[in-house]
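Everything on this sheet refers to the single structure shown next.
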Amino acid sequence: MKDYTAMDILLAREERVEFQNTLLEKYKLPMLCLRVNYPGVIKDNETSRGISNILKAEIEDKFDTQIVYKCYKVTAEGPILILIIDNIAEEIKKYSIYVEQNHLLGRCVDIDVYNVDGIGISRTYLGYKPRKCFICEDMAQNCVRSRKHSMEQVIDYIEEQYKKFNNIKI
């Protein structure tokens, strides 16, 4: 696990978006991208990899026979799963919302879904409410923008959820 800088994260994000656009152009099918919501510059760690692997297995199991392309790698952004799925983008997004809302670790990740034109399918587009903050239940984007919670609070929540999940599984 490497130490990265904020610039490394920005460059990795740009490379990922470029790679995603290439995949969308090549396959002309919907794409799913899963990333762990781990704050700070140390996004590649035991917890982020563990959460990513658990939810990766969940999603791959659901879309098993429909996965046309799979890429799982660790960059400065942390672990990233990108899937090209031969299914309807809205159906993929509905399942991703289900995982985000119902899996113990679902609130620790962002699962983005893009249609064949590369347009992100939002929760609100499908009639769902925006995500809530896992600490205070306000709108998540409000808390992120205002930096309402410390990085330590967010990391503590993520670590706690991961430990809870592993205790349940034992």
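We name chains A, B, ... following the order of the structure tokens; residues begin at 1 in each chain, and ligands are numbered from 1 as shown.
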
Return as a Markdown table the residues of stretch 51-135 of chain A lying at most 12 Å from stretch 3-12 of chain A, together with the closest atom-to-atom pair for each and the distance in Å to one decimal, counting only C-alpha atoms, with rows in chain order and ascending residue number.
```
| residue | atom | partner | partner_atom | distance |
| --- | --- | --- | --- | --- |
| A:Lys73 | CA | A:Ala12 | CA | 11.3 |
| A:Val74 | CA | A:Ala12 | CA | 10.0 |
| A:Thr75 | CA | A:Ala12 | CA | 6.5 |
| A:Ala76 | CA | A:Ile9 | CA | 4.9 |
| A:Glu77 | CA | A:Ile9 | CA | 5.4 |
| A:Gly78 | CA | A:Ile9 | CA | 8.7 |
| A:Pro79 | CA | A:Ala12 | CA | 11.3 |
| A:Ile80 | CA | A:Ala12 | CA | 10.7 |
```

For the selection you just gave me, I'd like the residues written to a file as a short mmCIF file (atom, residue, chain, number, x, y, z; two decimals), in the first residue's frame, keeping N, CA, C and O atoms.
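Writing done, so here's part.cif:
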```
data_model
loop_
_atom_site.label_atom_id
_atom_site.label_comp_id
_atom_site.auth_asym_id
_atom_site.auth_seq_id
_atom_site.Cartn_x
_atom_site.Cartn_y
_atom_site.Cartn_z
N LYS A 73 -8.92 -2.62 -9.69
CA LYS A 73 -7.55 -2.19 -9.44
C LYS A 73 -7.53 -1.21 -8.28
O LYS A 73 -8.55 -0.65 -7.89
N VAL A 74 -6.32 -1.04 -7.75
CA VAL A 74 -6.12 -0.10 -6.66
C VAL A 74 -5.24 1.03 -7.18
O VAL A 74 -4.18 0.79 -7.75
N THR A 75 -5.74 2.25 -7.02
CA THR A 75 -5.02 3.44 -7.45
C THR A 75 -4.96 4.41 -6.26
O THR A 75 -5.37 4.05 -5.14
N ALA A 76 -4.54 5.62 -6.52
CA ALA A 76 -4.53 6.64 -5.47
C ALA A 76 -5.94 6.91 -4.94
O ALA A 76 -6.11 7.38 -3.82
N GLU A 77 -6.96 6.60 -5.75
CA GLU A 77 -8.35 6.75 -5.31
C GLU A 77 -8.78 5.61 -4.39
O GLU A 77 -9.89 5.61 -3.89
N GLY A 78 -7.93 4.63 -4.21
CA GLY A 78 -8.28 3.45 -3.44
C GLY A 78 -8.72 2.34 -4.38
O GLY A 78 -8.52 2.43 -5.60
N PRO A 79 -9.33 1.29 -3.85
CA PRO A 79 -9.79 0.20 -4.70
C PRO A 79 -10.97 0.65 -5.56
O PRO A 79 -11.88 1.33 -5.08
N ILE A 80 -10.93 0.26 -6.83
CA ILE A 80 -11.97 0.65 -7.79
C ILE A 80 -12.43 -0.60 -8.54
O ILE A 80 -11.61 -1.38 -9.04
#
```

For stretch 14-24 of chain A, find every residue with an atom within 9 Å (counting only C-alpha atoms), except residues of its own chain fewer than 6 positions away, and show them as a PyMOL selection string. chain A and resi 30-31+33+69+82+84+114-118

Sel. of strand (DSSP E or B) residues, chain A, as an NGL selection string: :A and (31-36 or 67-75 or 78-85 or 109-114 or 120 or 132 or 139)

Selected residues written out, N, CA and C atoms, as an mmCIF file, in the first residue's frame:
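Result file is result_8.cif:
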```
data_model
loop_
_atom_site.group_PDB
_atom_site.id
_atom_site.type_symbol
_atom_site.label_atom_id
_atom_site.label_comp_id
_atom_site.auth_asym_id
_atom_site.auth_seq_id
_atom_site.Cartn_x
_atom_site.Cartn_y
_atom_site.Cartn_z
ATOM 1 N N MET A 31 -22.313 0.933 -17.538
ATOM 2 C CA MET A 31 -21.128 0.710 -16.717
ATOM 3 C C MET A 31 -21.428 1.016 -15.255
ATOM 4 N N LEU A 32 -20.853 0.224 -14.379
ATOM 5 C CA LEU A 32 -20.944 0.431 -12.937
ATOM 6 C C LEU A 32 -19.533 0.690 -12.423
ATOM 7 N N CYS A 33 -19.413 1.658 -11.523
ATOM 8 C CA CYS A 33 -18.122 1.953 -10.898
ATOM 9 C C CYS A 33 -18.332 2.047 -9.390
ATOM 10 N N LEU A 34 -17.616 1.209 -8.643
ATOM 11 C CA LEU A 34 -17.715 1.185 -7.183
ATOM 12 C C LEU A 34 -16.428 1.725 -6.590
ATOM 13 N N ARG A 35 -16.571 2.681 -5.656
ATOM 14 C CA ARG A 35 -15.445 3.262 -4.933
ATOM 15 C C ARG A 35 -15.822 3.373 -3.461
ATOM 16 N N VAL A 36 -14.860 3.170 -2.588
ATOM 17 C CA VAL A 36 -15.091 3.304 -1.146
ATOM 18 C C VAL A 36 -15.008 4.789 -0.788
ATOM 19 N N ILE A 67 -22.052 -9.736 -16.852
ATOM 20 C CA ILE A 67 -20.812 -8.956 -16.849
ATOM 21 C C ILE A 67 -20.027 -9.270 -18.120
ATOM 22 N N VAL A 68 -19.804 -8.220 -18.905
ATOM 23 C CA VAL A 68 -19.088 -8.338 -20.172
ATOM 24 C C VAL A 68 -17.608 -7.997 -19.985
ATOM 25 N N TYR A 69 -17.334 -7.097 -19.064
ATOM 26 C CA TYR A 69 -15.960 -6.660 -18.803
ATOM 27 C C TYR A 69 -15.844 -6.311 -17.330
ATOM 28 N N LYS A 70 -14.685 -6.697 -16.743
ATOM 29 C CA LYS A 70 -14.452 -6.393 -15.329
ATOM 30 C C LYS A 70 -13.023 -5.884 -15.155
ATOM 31 N N CYS A 71 -12.896 -4.808 -14.381
ATOM 32 C CA CYS A 71 -11.581 -4.283 -14.023
ATOM 33 C C CYS A 71 -11.626 -3.941 -12.537
ATOM 34 N N TYR A 72 -10.719 -4.544 -11.794
ATOM 35 C CA TYR A 72 -10.588 -4.226 -10.375
ATOM 36 C C TYR A 72 -9.142 -3.847 -10.150
ATOM 37 N N LYS A 73 -8.917 -2.623 -9.691
ATOM 38 C CA LYS A 73 -7.549 -2.186 -9.437
ATOM 39 C C LYS A 73 -7.526 -1.213 -8.277
ATOM 40 N N VAL A 74 -6.317 -1.037 -7.753
ATOM 41 C CA VAL A 74 -6.116 -0.104 -6.657
ATOM 42 C C VAL A 74 -5.244 1.028 -7.179
ATOM 43 N N THR A 75 -5.744 2.253 -7.015
ATOM 44 C CA THR A 75 -5.019 3.444 -7.445
ATOM 45 C C THR A 75 -4.960 4.408 -6.255
ATOM 46 N N GLY A 78 -7.931 4.630 -4.209
ATOM 47 C CA GLY A 78 -8.279 3.445 -3.437
ATOM 48 C C GLY A 78 -8.720 2.341 -4.380
ATOM 49 N N PRO A 79 -9.334 1.293 -3.849
ATOM 50 C CA PRO A 79 -9.790 0.200 -4.701
ATOM 51 C C PRO A 79 -10.975 0.646 -5.563
ATOM 52 N N ILE A 80 -10.928 0.259 -6.834
ATOM 53 C CA ILE A 80 -11.968 0.651 -7.790
ATOM 54 C C ILE A 80 -12.431 -0.598 -8.539
ATOM 55 N N LEU A 81 -13.738 -0.762 -8.621
ATOM 56 C CA LEU A 81 -14.325 -1.824 -9.440
ATOM 57 C C LEU A 81 -15.071 -1.160 -10.590
ATOM 58 N N ILE A 82 -14.766 -1.570 -11.803
ATOM 59 C CA ILE A 82 -15.487 -1.084 -12.976
ATOM 60 C C ILE A 82 -16.020 -2.309 -13.706
ATOM 61 N N LEU A 83 -17.325 -2.300 -13.940
ATOM 62 C CA LEU A 83 -17.965 -3.389 -14.672
ATOM 63 C C LEU A 83 -18.740 -2.834 -15.858
ATOM 64 N N ILE A 84 -18.661 -3.534 -16.981
ATOM 65 C CA ILE A 84 -19.560 -3.287 -18.104
ATOM 66 C C ILE A 84 -20.587 -4.402 -18.009
ATOM 67 N N ILE A 85 -21.856 -4.016 -17.941
ATOM 68 C CA ILE A 85 -22.921 -4.987 -17.674
ATOM 69 C C ILE A 85 -23.963 -4.928 -18.781
ATOM 70 N N VAL A 109 -19.725 3.189 0.509
ATOM 71 C CA VAL A 109 -19.276 3.213 -0.885
ATOM 72 C C VAL A 109 -20.158 4.120 -1.734
ATOM 73 N N ASP A 110 -19.602 4.502 -2.870
ATOM 74 C CA ASP A 110 -20.371 5.127 -3.936
ATOM 75 C C ASP A 110 -20.412 4.124 -5.071
ATOM 76 N N ILE A 111 -21.612 3.860 -5.567
ATOM 77 C CA ILE A 111 -21.753 2.994 -6.729
ATOM 78 C C ILE A 111 -22.400 3.842 -7.818
ATOM 79 N N ASP A 112 -21.579 4.232 -8.772
ATOM 80 C CA ASP A 112 -22.064 5.053 -9.869
ATOM 81 C C ASP A 112 -22.420 4.155 -11.041
ATOM 82 N N VAL A 113 -23.515 4.502 -11.723
ATOM 83 C CA VAL A 113 -23.945 3.756 -12.900
ATOM 84 C C VAL A 113 -24.129 4.749 -14.031
ATOM 85 N N TYR A 114 -23.600 4.369 -15.192
ATOM 86 C CA TYR A 114 -23.678 5.210 -16.379
ATOM 87 C C TYR A 114 -24.415 4.463 -17.477
ATOM 88 N N GLY A 120 -24.500 9.638 -16.148
ATOM 89 C CA GLY A 120 -24.731 9.023 -14.846
ATOM 90 C C GLY A 120 -26.213 8.959 -14.514
ATOM 91 N N LYS A 132 -28.425 10.188 2.509
ATOM 92 C CA LYS A 132 -28.291 10.892 3.783
ATOM 93 C C LYS A 132 -26.911 10.634 4.360
ATOM 94 N N MET A 139 -28.675 15.673 4.474
ATOM 95 C CA MET A 139 -28.325 15.296 3.115
ATOM 96 C C MET A 139 -26.805 15.153 3.054
#
```

Within 10 Å of A:Ile155, counting only C-alpha atoms, which residues show up once you throw out same-chain ones fewer than 6 positions away? Write them as a JSON list (two decimals) with N, CA, C and O atoms, in the first residue's frame, please.
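Done, and the output landed in around.json:
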```
[["chain", "number", "residue", "atom", "x", "y", "z"],
["A", 37, "ASN", "N", -15.93, 5.26, 0.05],
["A", 37, "ASN", "CA", -15.98, 6.67, 0.50],
["A", 37, "ASN", "C", -14.98, 6.92, 1.62],
["A", 37, "ASN", "O", -15.35, 7.42, 2.67],
["A", 38, "TYR", "N", -13.74, 6.57, 1.42],
["A", 38, "TYR", "CA", -12.75, 6.74, 2.48],
["A", 38, "TYR", "C", -12.12, 8.12, 2.35],
["A", 38, "TYR", "O", -11.53, 8.44, 1.33],
["A", 39, "PRO", "N", -12.25, 8.97, 3.39],
["A", 39, "PRO", "CA", -11.74, 10.34, 3.28],
["A", 39, "PRO", "C", -10.22, 10.42, 3.41],
["A", 39, "PRO", "O", -9.57, 9.47, 3.86],
["A", 40, "GLY", "N", -9.68, 11.55, 3.02],
["A", 40, "GLY", "CA", -8.25, 11.79, 3.15],
["A", 40, "GLY", "C", -7.47, 11.26, 1.96],
["A", 40, "GLY", "O", -8.04, 10.85, 0.96],
["A", 47, "THR", "N", -9.01, -1.62, 5.41],
["A", 47, "THR", "CA", -10.46, -1.45, 5.50],
["A", 47, "THR", "C", -11.08, -1.17, 4.14],
["A", 47, "THR", "O", -12.07, -1.80, 3.77],
["A", 108, "CYS", "N", -20.82, 2.97, 2.98],
["A", 108, "CYS", "CA", -19.39, 3.26, 2.93],
["A", 108, "CYS", "C", -18.86, 3.38, 1.50],
["A", 108, "CYS", "O", -17.68, 3.63, 1.29],
["A", 161, "GLN", "N", -18.22, 0.14, 10.94],
["A", 161, "GLN", "CA", -19.10, -0.69, 10.10],
["A", 161, "GLN", "C", -18.37, -1.93, 9.60],
["A", 161, "GLN", "O", -18.93, -3.02, 9.58]]
```

Using only C-alpha atoms, which residue out of A:Ile97, A:Ala140, A:Met1, A:Ile119 lies closest to A:Ile42? A:Met1

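Counting only C-alpha atoms, A:Val99 has the following residues at most 10 Å away, ignoring those fewer than 5 positions along the same chain: Leu55, Glu58, Ile59, Lys93, Lys94, Leu104, Leu105, Gly106, Arg107, Val109 and Ile111 of chain A.
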
Run DSSP on the backbone of this structure and report the residues of stretch 29-165 of chain A it assigns to alpha helix (DSSP H), as an NGL selection string. :A and (46-62 or 89-102 or 140-146 or 151-165)
